[in-house]
$ cat protein_3.txt   # compact mmCIF, C-alpha atoms
# COMPACT_ATOMS: atom_id res chain seq x y z
CA GLY A 1 60.58 72.69 219.14
CA ASP A 2 60.09 75.82 221.23
CA GLN A 3 63.44 77.54 221.68
CA GLY A 4 62.22 78.98 224.98
CA ALA A 5 61.58 75.54 226.56
CA PRO A 6 64.04 74.45 229.29
CA PRO A 7 66.05 71.21 228.92
CA PRO A 8 64.16 68.12 230.19
CA MET A 9 66.20 67.82 233.41
CA LEU A 10 65.78 71.51 234.19
CA ALA A 11 62.06 71.19 233.54
CA THR A 12 61.87 68.27 235.97
CA ILE A 13 63.72 70.18 238.67
CA PHE A 14 61.49 73.23 238.10
CA VAL A 15 58.30 71.18 238.40
CA SER A 16 59.63 69.31 241.45
CA SER A 17 60.43 72.56 243.23
CA LEU A 18 56.85 73.71 242.68
CA SER A 19 55.50 70.43 244.09
CA LEU A 20 57.21 71.18 247.42
CA ARG A 21 54.98 74.21 247.88
CA SER A 22 51.44 74.18 249.17
CA PRO A 23 48.58 74.49 246.61
CA ALA A 24 47.87 77.99 247.89
CA SER A 25 51.44 79.14 247.28
CA ARG A 26 51.60 77.45 243.86
CA ALA A 27 48.64 79.42 242.47
CA PRO A 28 50.36 82.84 242.31
CA ILE A 29 53.43 81.25 240.71
CA ALA A 30 51.27 79.55 238.08
CA ARG A 31 49.59 82.87 237.30
CA LEU A 32 53.00 84.55 237.00
CA VAL A 33 54.24 81.85 234.60
CA ARG A 34 51.14 82.23 232.43
CA ARG A 35 51.48 86.01 232.39
CA SER A 36 55.15 85.85 231.46
CA SER A 37 54.62 83.44 228.58
CA ALA A 38 51.96 85.74 227.11
CA ALA A 39 54.12 88.83 227.47
CA VAL A 40 57.30 87.51 225.84
CA ARG A 41 55.93 86.27 222.52
CA MET A 42 58.85 86.96 220.21
CA THR A 43 57.73 85.66 216.82
CA ALA A 44 55.28 87.49 214.58
CA THR A 45 52.02 86.19 213.17
CA PRO A 46 49.73 87.70 210.51
CA GLY A 47 48.02 90.80 211.85
CA ASP A 48 50.93 91.80 214.08
CA TYR A 49 52.50 95.25 214.00
CA VAL A 50 56.28 94.89 213.68
CA LYS A 51 59.37 96.98 213.11
CA VAL A 52 62.12 95.44 211.01
CA ARG A 53 65.33 96.40 209.27
CA TYR A 54 65.62 94.87 205.82
CA SER A 55 67.40 95.17 202.51
CA LEU A 56 67.05 93.63 199.05
CA ALA A 57 69.66 92.59 196.53
CA ASP A 58 69.67 90.89 193.15
CA ALA A 59 70.04 87.18 193.96
CA ALA A 60 72.25 86.59 190.92
CA THR A 61 74.59 89.59 191.08
CA LYS A 62 74.33 90.42 194.81
CA GLU A 63 73.97 94.08 193.83
CA PRO A 64 71.84 96.04 196.34
CA LEU A 65 68.42 97.09 195.08
CA THR A 66 68.69 100.88 195.25
CA GLY A 67 67.34 102.16 191.92
CA PRO A 68 63.97 103.75 191.16
CA GLU A 69 62.50 100.28 190.58
CA ALA A 70 62.52 99.86 194.38
CA VAL A 71 59.21 101.66 194.84
CA PHE A 72 59.07 101.30 198.62
CA ASP A 73 61.31 102.10 201.56
CA GLN A 74 64.08 99.82 202.80
CA GLY A 75 66.04 100.03 206.04
CA GLU A 76 64.01 100.43 209.23
CA VAL A 77 60.28 100.16 208.44
CA SER A 78 57.02 99.39 210.23
CA LEU A 79 54.32 97.15 208.81
CA VAL A 80 51.42 94.89 209.66
CA VAL A 81 52.31 91.33 208.72
CA GLY A 82 50.14 90.14 205.85
CA ALA A 83 48.43 93.50 205.33
CA GLY A 84 50.07 94.54 202.07
CA GLY A 85 52.66 97.10 201.07
CA PHE A 86 56.27 96.11 200.36
CA ILE A 87 56.81 92.75 198.63
CA PRO A 88 54.94 89.55 199.56
CA GLY A 89 58.17 87.77 200.48
CA LEU A 90 58.90 90.22 203.29
CA HIS A 91 55.52 89.52 204.88
CA SER A 92 55.81 85.75 204.50
CA ARG A 93 59.34 85.51 205.93
CA ILE A 94 59.00 87.74 209.01
CA PRO A 95 57.26 84.95 211.02
CA SER A 96 60.42 82.86 210.46
CA LEU A 97 62.46 85.22 212.65
CA ALA A 98 62.91 83.46 215.98
CA ALA A 99 63.44 86.44 218.26
CA VAL A 100 64.05 90.17 218.51
CA GLY A 101 67.49 90.86 217.07
CA ALA A 102 67.40 87.75 214.88
CA THR A 103 68.66 88.37 211.34
CA GLU A 104 68.01 85.96 208.49
CA MET A 105 68.74 85.89 204.78
CA PHE A 106 66.31 84.41 202.27
CA THR A 107 66.31 83.90 198.51
CA LEU A 108 62.89 84.92 197.23
CA THR A 109 61.22 83.59 194.10
CA PRO A 110 59.79 86.03 191.52
CA ALA A 111 56.30 85.28 192.86
CA GLU A 112 57.43 86.56 196.27
CA CYS A 113 58.83 89.76 194.74
CA PHE A 114 57.50 91.50 191.63
CA GLY A 115 56.00 88.47 189.92
CA ASP A 116 56.84 86.75 186.68
CA ALA A 117 57.13 88.69 183.46
CA ASN A 118 53.74 89.04 181.73
CA PRO A 119 54.01 88.37 177.97
CA ALA A 120 51.01 90.67 177.41
CA LEU A 121 53.16 93.58 178.63
CA GLY A 122 56.13 92.86 176.42
CA PRO A 123 58.58 92.73 174.93
CA ALA A 124 56.53 93.97 171.97
CA ARG A 125 57.69 95.31 168.61
CA VAL A 126 56.01 98.54 167.50
CA PRO A 127 56.40 99.61 163.86
CA LEU A 128 58.88 102.46 163.56
CA ALA A 129 56.33 104.56 161.66
CA SER A 130 54.02 104.46 164.70
CA CYS A 131 56.68 105.72 167.14
CA PRO A 132 57.94 109.23 167.87
CA PRO A 133 61.39 109.93 166.38
CA GLY A 134 64.58 109.78 168.39
CA LEU A 135 63.86 106.75 170.54
CA GLU A 136 66.89 104.82 171.77
CA ALA A 137 67.40 101.67 173.82
CA GLY A 138 67.15 102.41 177.53
CA MET A 139 64.71 105.29 177.18
CA LYS A 140 61.47 105.27 179.19
CA VAL A 141 58.19 106.08 177.47
CA ARG A 142 54.63 106.56 178.67
CA LEU A 143 51.99 104.63 176.78
CA ALA A 144 48.52 105.87 175.85
CA THR A 145 47.16 103.93 178.85
CA GLY A 146 49.46 105.89 181.17
CA MET A 147 51.68 102.87 181.85
CA LYS A 148 55.45 103.20 181.67
CA ALA A 149 57.56 101.11 179.30
CA VAL A 150 61.25 100.81 178.54
CA VAL A 151 62.70 100.82 175.04
CA THR A 152 64.80 97.67 174.84
CA GLU A 153 65.81 97.72 171.16
CA VAL A 154 65.55 99.91 168.05
CA ASP A 155 66.17 98.70 164.50
CA ASP A 156 65.26 99.82 160.98
CA GLU A 157 61.75 98.43 161.20
CA ALA A 158 60.50 98.63 164.78
CA VAL A 159 60.98 99.77 168.35
CA THR A 160 60.82 97.04 170.98
CA ILE A 161 59.26 98.09 174.29
CA ASP A 162 58.60 96.28 177.56
CA ALA A 163 56.04 97.46 180.15
CA ASN A 164 56.83 94.74 182.68
CA HIS A 165 58.26 95.86 186.00
CA PRO A 166 62.07 96.00 185.64
CA LEU A 167 62.37 93.32 188.33
CA ALA A 168 59.65 91.01 186.99
CA GLY A 169 60.91 87.45 186.76
CA LYS A 170 63.89 88.09 189.06
CA GLU A 171 64.85 86.36 192.27
CA LEU A 172 65.85 88.71 195.09
CA GLU A 173 67.89 88.20 198.23
CA LEU A 174 66.18 89.44 201.39
CA THR A 175 68.08 90.22 204.59
CA VAL A 176 65.76 91.05 207.49
CA GLU A 177 66.12 91.69 211.23
CA LEU A 178 63.29 91.87 213.78
CA LEU A 179 63.79 95.09 215.79
CA GLY A 180 61.11 94.84 218.45
CA SER A 181 58.53 92.56 220.00
CA PRO A 182 55.54 91.97 217.68
CA GLN A 183 52.29 93.45 218.93
CA PRO A 184 48.70 93.01 217.77
CA ALA A 185 48.09 95.89 215.35
CA ALA A 186 44.81 96.76 217.08
CA ASP A 187 46.75 97.54 220.29
CA VAL A 188 49.05 100.06 218.60
CA LEU A 189 47.45 101.51 215.49
CA GLN A 190 44.36 103.63 214.89
CA THR A 191 42.02 103.52 211.89
CA ALA A 192 40.86 106.25 209.53
CA THR A 193 38.64 106.07 206.44
CA PHE A 194 38.57 108.52 203.53
CA ALA A 195 36.86 108.61 200.12
CA GLY A 196 38.24 110.86 197.41
CA GLY A 197 37.24 109.53 194.02
CA CYS A 198 39.38 106.82 192.41
CA PHE A 199 40.85 104.98 195.36
CA TRP A 200 44.14 104.11 193.63
CA GLY A 201 45.57 107.62 193.76
CA LEU A 202 44.29 108.43 197.24
CA GLU A 203 45.79 105.23 198.61
CA LEU A 204 49.24 106.06 197.22
CA ALA A 205 49.06 109.53 198.77
CA PHE A 206 48.49 107.96 202.18
CA GLN A 207 51.13 105.28 201.61
CA ARG A 208 53.68 108.09 201.27
CA GLU A 209 52.75 109.73 204.57
CA THR A 210 55.09 109.16 207.52
CA GLY A 211 53.25 107.34 210.31
CA VAL A 212 50.89 105.51 207.97
CA VAL A 213 51.69 101.84 208.46
CA THR A 214 49.28 100.11 206.10
CA THR A 215 46.47 100.93 203.70
CA ALA A 216 43.68 99.09 201.93
CA VAL A 217 41.20 100.14 199.27
CA GLY A 218 37.60 99.10 199.34
CA TYR A 219 33.96 100.09 199.57
CA THR A 220 32.03 101.69 202.43
CA GLN A 221 28.77 103.42 203.40
CA GLY A 222 26.70 101.04 201.26
CA SER A 223 23.61 98.90 201.68
CA ILE A 224 24.70 95.37 200.69
CA ASP A 225 27.29 92.96 202.06
CA ASP A 226 30.51 92.02 200.30
CA PRO A 227 30.03 94.15 197.16
CA THR A 228 32.09 93.63 194.00
CA TYR A 229 33.81 96.36 192.02
CA GLU A 230 31.33 95.89 189.19
CA ALA A 231 28.35 96.18 191.53
CA VAL A 232 29.72 99.33 193.18
CA CYS A 233 30.45 100.90 189.79
CA SER A 234 26.82 100.36 188.80
CA GLY A 235 25.89 102.94 191.44
CA THR A 236 23.17 100.70 192.88
CA THR A 237 24.81 99.52 196.12
CA GLY A 238 25.24 102.91 197.81
CA HIS A 239 28.95 102.35 198.42
CA THR A 240 31.73 104.78 197.68
CA GLU A 241 35.32 103.89 196.81
CA ALA A 242 37.39 104.48 199.94
CA VAL A 243 40.78 103.99 201.57
CA LEU A 244 41.22 102.42 205.01
CA VAL A 245 44.31 103.80 206.74
CA LYS A 246 46.06 102.22 209.73
CA TYR A 247 48.36 104.75 211.35
CA ASP A 248 50.61 105.20 214.37
CA PRO A 249 49.23 108.18 216.35
CA THR A 250 52.67 108.77 217.90
CA GLU A 251 54.04 109.56 214.42
CA VAL A 252 51.15 111.24 212.60
CA SER A 253 48.00 112.94 213.86
CA TYR A 254 44.49 112.41 212.58
CA ASN A 255 44.39 116.13 211.82
CA ARG A 256 47.39 115.73 209.50
CA LEU A 257 45.63 112.85 207.69
CA CYS A 258 42.60 115.11 207.17
CA GLU A 259 44.89 117.84 205.80
CA LEU A 260 46.41 115.36 203.35
CA PHE A 261 42.92 114.29 202.27
CA TRP A 262 41.88 117.88 201.54
CA GLU A 263 45.14 118.54 199.69
CA ARG A 264 44.48 115.56 197.46
CA LEU A 265 40.79 116.43 196.94
CA GLY A 266 41.36 120.12 196.14
CA ASP A 267 38.46 122.01 194.54
CA ASN A 268 36.65 118.73 193.92
CA ARG A 269 35.19 119.31 197.39
CA PHE A 270 32.70 121.68 195.73
CA LEU A 271 31.46 118.97 193.33
CA LEU A 272 28.59 116.64 194.14
CA ASN A 273 29.29 112.95 193.51
CA GLN A 274 32.32 113.78 191.39
CA VAL A 275 36.11 113.87 191.58
CA GLY A 276 37.81 114.93 188.36
CA ASN A 277 36.29 113.01 185.48
CA ASP A 278 34.90 110.30 187.77
CA ARG A 279 31.19 110.82 188.31
CA GLY A 280 28.56 108.92 190.27
CA THR A 281 27.65 108.19 193.87
CA GLN A 282 30.44 105.58 193.98
CA TYR A 283 32.90 108.47 193.63
CA ARG A 284 31.39 110.76 196.26
CA HIS A 285 33.96 112.09 198.68
CA GLY A 286 33.86 111.84 202.42
CA ILE A 287 35.62 111.52 205.75
CA TYR A 288 34.18 108.61 207.71
CA THR A 289 35.02 108.82 211.39
CA HIS A 290 35.59 106.03 213.92
CA ASP A 291 35.00 107.91 217.19
CA GLU A 292 33.86 111.26 218.56
CA ALA A 293 37.39 112.69 218.64
CA GLN A 294 37.82 112.00 214.92
CA ALA A 295 34.39 113.46 214.19
CA GLU A 296 35.34 116.74 215.91
CA VAL A 297 38.66 117.00 214.05
CA ALA A 298 37.06 116.16 210.69
CA ALA A 299 34.26 118.70 211.13
CA ALA A 300 36.75 121.41 212.13
CA SER A 301 38.94 120.64 209.12
CA LEU A 302 35.92 121.07 206.82
CA GLU A 303 34.90 124.36 208.43
CA LYS A 304 38.36 125.82 207.76
CA LEU A 305 37.78 125.34 204.02
CA ALA A 306 34.35 126.94 203.87
CA VAL A 307 33.87 129.55 201.14
CA ASP A 308 30.88 131.90 201.14
CA GLY A 309 28.32 130.86 198.58
CA LYS A 310 30.07 127.60 197.64
CA PRO A 311 28.77 124.56 199.52
CA ILE A 312 31.23 121.77 200.22
CA HIS A 313 29.75 118.42 199.20
CA THR A 314 32.22 116.26 201.14
CA GLU A 315 30.46 114.01 203.64
CA VAL A 316 31.57 113.81 207.27
CA LEU A 317 29.79 110.79 208.68
CA ALA A 318 30.34 107.92 211.09
CA ALA A 319 32.21 105.08 209.40
CA GLU A 320 30.13 102.07 208.43
CA LYS A 321 31.33 98.61 207.40
CA PHE A 322 34.39 98.68 205.14
CA TRP A 323 34.69 95.93 202.56
CA ASP A 324 38.11 95.23 201.06
CA ALA A 325 38.25 95.58 197.29
CA GLU A 326 39.56 92.79 195.10
CA ASP A 327 43.26 91.94 195.46
CA TYR A 328 44.30 93.45 192.15
CA HIS A 329 43.12 96.88 193.35
CA GLN A 330 45.30 96.83 196.48
CA GLN A 331 48.38 99.10 196.23
CA TYR A 332 47.59 99.24 192.51
CA LEU A 333 49.80 102.19 191.62
CA GLN A 334 52.74 100.88 193.64
CA LYS A 335 52.47 97.57 191.80
CA GLY A 336 52.44 99.52 188.54
CA GLY A 337 55.78 101.13 189.38
CA GLN A 338 54.80 104.41 191.06
CA ASP A 339 56.91 105.40 194.05
CA ALA A 340 55.42 104.61 197.47
CA LYS A 341 58.40 105.74 199.55
CA LYS A 342 57.72 108.11 202.44
CA SER A 343 59.94 110.74 200.75
CA ALA A 344 58.38 110.39 197.29
CA GLU A 345 57.36 113.58 195.48
CA GLU A 346 56.62 112.18 192.01
CA THR A 347 53.22 113.24 190.69
CA ILE A 348 50.59 110.57 191.36
CA ARG A 349 48.96 109.34 188.16
CA CYS A 350 45.73 107.41 188.56
CA TYR A 351 45.77 105.45 185.30
CA GLY A 352 44.03 102.28 184.17

$ encode --input "protein_3.txt" --output "structure tokens"
Amino acid sequence: GDQGAPPPMLATIFVSSLSLRSPASRAPIARLVRRSSAAVRMTATPGDYVKVRYSLADAATKEPLTGPEAVFDQGEVSLVVGAGGFIPGLHSRIPSLAAVGATEMFTLTPAECFGDANPALGPARVPLASCPPGLEAGMKVRLATGMKAVVTEVDDEAVTIDANHPLAGKELELTVELLGSPQPAADVLQTATFAGGCFWGLELAFQRETGVVTTAVGYTQGSIDDPTYEAVCSGTTGHTEAVLVKYDPTEVSYNRLCELFWERLGDNRFLLNQVGNDRGTQYRHGIYTHDEAQAEVAAASLEKLAVDGKPIHTEVLAAEKFWDAEDYHQQYLQKGGQDAKKSAEETIRCYG
């Protein structure tokens, strides 16, 4: 039951004491009770902004998860429950914490962590003649697709490689503490929308920025509802690939987010409907603002980059409906093993 409920006898005494008062005097007390119960909600639900302290360890060996395979921050972090980032098991277990300061330990299944090993990703034997010389077990290699793989074995005939995440198929032990009262994310966080070509790489850049709490990739500024990736890629829906950013304005300014966008876009700002090798209206770049204050900051940030005789083709427009992309696109590069920590400096590679 509700841990905040008084024992039955205490409840009876409490109710009886109220019955001694006149109806007029009971009304303010009833309002106060209702207000208090709304203000002291201590457990989190999906959509809440929370701060937690957590750590991960190998469930079998109890060794802390501290290597490069931990592609996101541990310790004290902020997140929106159910909104992606981190591992699924962290999101699903936070609502189990009964109160601020409560610490719990959970054993998470592979599905709640980095998933089961995918046989299509290895282990796979590659003929020795097709491999570069000098490979040894334990080495990391980059495949033609851009994916990373680990050499697990070398013999006289073949090199065995595995492109699964190093923690695929493993159970992890999660220890998590709720640090503050959950709050509806809409009451705390602000929203920004940016389009800069392939949304995978732009999303990871924002994931790494301090003050950015959650991100999502999707489609915006188009003419049809609920578009699919295939429809957007056809160039017929009017949408562009974009990143929706939820950020804490006490930790990062909208101006800084615009600066990060321009840093990522670079000289592509001078190209029409193109970023790198990605061409088409679905790859047009833009800053899509959510209020007048954002519009002023975005316009000023564009003006600073003006070059005589070279028009900037980046749109600065009011944000329209944002449609989330398919699940497999969300935090795609993080899922593929690229570092999403706030301190990460590794080059972002937007591979397929």

$ residues_around --input "protein_3.txt" --residues "region 294-298 of chain A" --least-positions-apart "6" --cutoff "7 Å" --atoms "all atoms listed in the file" --output "list of chain:residue names"
A:Asn255, A:Cys258, A:Ile287, A:Val316

$ atom_distance --input "protein_3.txt" --atom1 "CA of Ala216 (chain A)" --atom2 "CA of Ala325 (chain A)"
8.0 Å

$ closest_atom_pairs --input "protein_3.txt" --of "region 155-215 of chain A" --to "region 122-141 of chain A" --cutoff "10 Å" --atoms "all atoms listed in the file" --output "tab-separated table"
residue	atom	partner	partner_atom	distance
A:Asp155	CA	A:Leu128	CA	8.3
A:Asp156	CA	A:Leu128	CA	7.4
A:Glu157	CA	A:Leu128	CA	5.5
A:Ala158	CA	A:Pro127	CA	4.3
A:Val159	CA	A:Val126	CA	5.2
A:Thr160	CA	A:Arg125	CA	4.3
A:Ile161	CA	A:Pro123	CA	5.4
A:Asp162	CA	A:Gly122	CA	4.4
A:Ala163	CA	A:Gly122	CA	5.9
A:Asn164	CA	A:Gly122	CA	6.6

$ residues_near_point --input "protein_3.txt" --point "(33.3, 119.7, 197.8)" --cutoff "6 Å" --atoms "only C-alpha atoms" --output "list in words"
Asn268, Arg269, Phe270, Leu271, Ile312, His313 and Thr314 of chain A

$ closest_residue --input "protein_3.txt" --among "A:Gly196, A:Pro95, A:Pro88, A:Pro227" --to "Glu326 (chain A)" --atoms "all atoms listed in the file"
A:Pro227

$ atom_distance --input "protein_3.txt" --atom1 "CA of Met42 (chain A)" --atom2 "CA of Gly180 (chain A)"
8.4 Å

$ atom_distance --input "protein_3.txt" --atom1 "CA of Lys51 (chain A)" --atom2 "CA of Thr193 (chain A)"
23.6 Å

$ closest_atom_pairs --input "protein_3.txt" --of "region 135-228 of chain A" --to "region 237-251 of chain A" --cutoff "6 Å" --atoms "only C-alpha atoms" --output "tab-separated table"
residue	atom	partner	partner_atom	distance
A:Leu189	CA	A:Asp248	CA	5.0
A:Gln190	CA	A:Tyr247	CA	5.5
A:Thr191	CA	A:Lys246	CA	4.8
A:Ala192	CA	A:Val245	CA	5.1
A:Thr193	CA	A:Leu244	CA	4.7
A:Phe194	CA	A:Val243	CA	5.4
A:Ala195	CA	A:Ala242	CA	4.2
A:Phe199	CA	A:Ala242	CA	5.8
A:Glu203	CA	A:Val243	CA	5.9
A:Gly211	CA	A:Glu251	CA	4.7
A:Val212	CA	A:Tyr247	CA	4.3
A:Val213	CA	A:Tyr247	CA	5.3
A:Thr214	CA	A:Lys246	CA	5.3
A:Thr215	CA	A:Val245	CA	4.7
A:Ala216	CA	A:Leu244	CA	5.2
A:Val217	CA	A:Val243	CA	4.5
A:Gly218	CA	A:Ala242	CA	5.4
A:Tyr219	CA	A:Glu241	CA	4.9
A:Thr220	CA	A:His239	CA	5.1
A:Gln221	CA	A:His239	CA	5.1
A:Gly222	CA	A:His239	CA	3.9
A:Ser223	CA	A:Thr237	CA	5.7

$ write_last_selection --input "protein_3.txt" --atoms "C-alpha atoms" --output "CSV table (one decimal), keeping the file's coordinate frame"
chain,number,residue,atom,x,y,z
A,189,LEU,CA,47.4,101.5,215.5
A,190,GLN,CA,44.4,103.6,214.9
A,191,THR,CA,42.0,103.5,211.9
A,192,ALA,CA,40.9,106.2,209.5
A,193,THR,CA,38.6,106.1,206.4
A,194,PHE,CA,38.6,108.5,203.5
A,195,ALA,CA,36.9,108.6,200.1
A,199,PHE,CA,40.8,105.0,195.4
A,203,GLU,CA,45.8,105.2,198.6
A,211,GLY,CA,53.2,107.3,210.3
A,212,VAL,CA,50.9,105.5,208.0
A,213,VAL,CA,51.7,101.8,208.5
A,214,THR,CA,49.3,100.1,206.1
A,215,THR,CA,46.5,100.9,203.7
A,216,ALA,CA,43.7,99.1,201.9
A,217,VAL,CA,41.2,100.1,199.3
A,218,GLY,CA,37.6,99.1,199.3
A,219,TYR,CA,34.0,100.1,199.6
A,220,THR,CA,32.0,101.7,202.4
A,221,GLN,CA,28.8,103.4,203.4
A,222,GLY,CA,26.7,101.0,201.3
A,223,SER,CA,23.6,98.9,201.7

$ residues_around --input "protein_3.txt" --residues "Thr45 (chain A)" --least-positions-apart "4" --cutoff "10 Å" --atoms "all atoms listed in the file" --output "MDAnalysis selection string"
chainID A and resid 49:50 80:82 91:92 94:96 182:184

$ write_last_selection --input "protein_3.txt" --atoms "C-alpha atoms" --output "PDB file, keeping the file's coordinate frame"
ATOM      1  CA  TYR A  49      52.500  95.250 214.000  1.00  0.00           C
ATOM      2  CA  VAL A  50      56.280  94.890 213.680  1.00  0.00           C
ATOM      3  CA  VAL A  80      51.420  94.890 209.660  1.00  0.00           C
ATOM      4  CA  VAL A  81      52.310  91.330 208.720  1.00  0.00           C
ATOM      5  CA  GLY A  82      50.140  90.140 205.850  1.00  0.00           C
ATOM      6  CA  HIS A  91      55.520  89.520 204.880  1.00  0.00           C
ATOM      7  CA  SER A  92      55.810  85.750 204.500  1.00  0.00           C
ATOM      8  CA  ILE A  94      59.000  87.740 209.010  1.00  0.00           C
ATOM      9  CA  PRO A  95      57.260  84.950 211.020  1.00  0.00           C
ATOM     10  CA  SER A  96      60.420  82.860 210.460  1.00  0.00           C
ATOM     11  CA  PRO A 182      55.540  91.970 217.680  1.00  0.00           C
ATOM     12  CA  GLN A 183      52.290  93.450 218.930  1.00  0.00           C
ATOM     13  CA  PRO A 184      48.700  93.010 217.770  1.00  0.00           C
TER      14      PRO A 184
END

$ residues_around --input "protein_3.txt" --residues "Lys342 (chain A)" --least-positions-apart "2" --cutoff "8 Å" --atoms "only C-alpha atoms" --output "PyMOL selection string"
chain A and resi 72-73+207-210+340+344

$ residues_around --input "protein_3.txt" --residues "Leu272 (chain A)" --least-positions-apart "6" --cutoff "12 Å" --atoms "only C-alpha atoms" --output "list in words"
Gly196, Gly197, Asp278, Arg279, Gly280, Thr281, Gln282, Tyr283, Arg284, His285, Gly286, Lys310, Pro311, Ile312, His313, Thr314 and Glu315 of chain A

$ residues_around --input "protein_3.txt" --residues "Phe114 (chain A)" --least-positions-apart "3" --cutoff "7 Å" --atoms "all atoms listed in the file" --output "list in words"
Pro110, Ala111, Leu167 and Ala168 of chain A

$ build_atoms --input "protein_3.txt" --residues "region 125-136 of chain A" --atoms "N, CA and C atoms" --output "JSON list (two decimals), in the frame of the given file"
[["chain", "number", "residue", "atom", "x", "y", "z"],
["A", 125, "ARG", "N", 57.13, 94.49, 169.69],
["A", 125, "ARG", "CA", 57.69, 95.31, 168.61],
["A", 125, "ARG", "C", 56.61, 96.24, 168.06],
["A", 126, "VAL", "N", 56.93, 97.52, 168.02],
["A", 126, "VAL", "CA", 56.01, 98.54, 167.50],
["A", 126, "VAL", "C", 56.62, 99.10, 166.22],
["A", 127, "PRO", "N", 55.85, 99.10, 165.12],
["A", 127, "PRO", "CA", 56.40, 99.61, 163.86],
["A", 127, "PRO", "C", 57.01, 101.00, 164.03],
["A", 128, "LEU", "N", 58.16, 101.20, 163.41],
["A", 128, "LEU", "CA", 58.88, 102.46, 163.56],
["A", 128, "LEU", "C", 58.03, 103.66, 163.16],
["A", 129, "ALA", "N", 57.18, 103.47, 162.14],
["A", 129, "ALA", "CA", 56.33, 104.56, 161.66],
["A", 129, "ALA", "C", 55.31, 105.01, 162.70],
["A", 130, "SER", "N", 55.01, 104.13, 163.67],
["A", 130, "SER", "CA", 54.02, 104.46, 164.70],
["A", 130, "SER", "C", 54.65, 105.07, 165.95],
["A", 131, "CYS", "N", 55.97, 105.24, 165.95],
["A", 131, "CYS", "CA", 56.68, 105.72, 167.14],
["A", 131, "CYS", "C", 57.20, 107.14, 166.92],
["A", 132, "PRO", "N", 57.32, 107.90, 167.99],
["A", 132, "PRO", "CA", 57.94, 109.23, 167.87],
["A", 132, "PRO", "C", 59.41, 109.08, 167.50],
["A", 133, "PRO", "N", 59.98, 110.04, 166.78],
["A", 133, "PRO", "CA", 61.39, 109.93, 166.38],
["A", 133, "PRO", "C", 62.33, 110.09, 167.57],
["A", 134, "GLY", "N", 63.53, 109.56, 167.40],
["A", 134, "GLY", "CA", 64.58, 109.78, 168.39],
["A", 134, "GLY", "C", 64.63, 108.78, 169.52],
["A", 135, "LEU", "N", 63.83, 107.74, 169.46],
["A", 135, "LEU", "CA", 63.86, 106.75, 170.54],
["A", 135, "LEU", "C", 65.14, 105.92, 170.48],
["A", 136, "GLU", "N", 65.69, 105.64, 171.67],
["A", 136, "GLU", "CA", 66.89, 104.82, 171.77],
["A", 136, "GLU", "C", 66.71, 103.80, 172.89]]
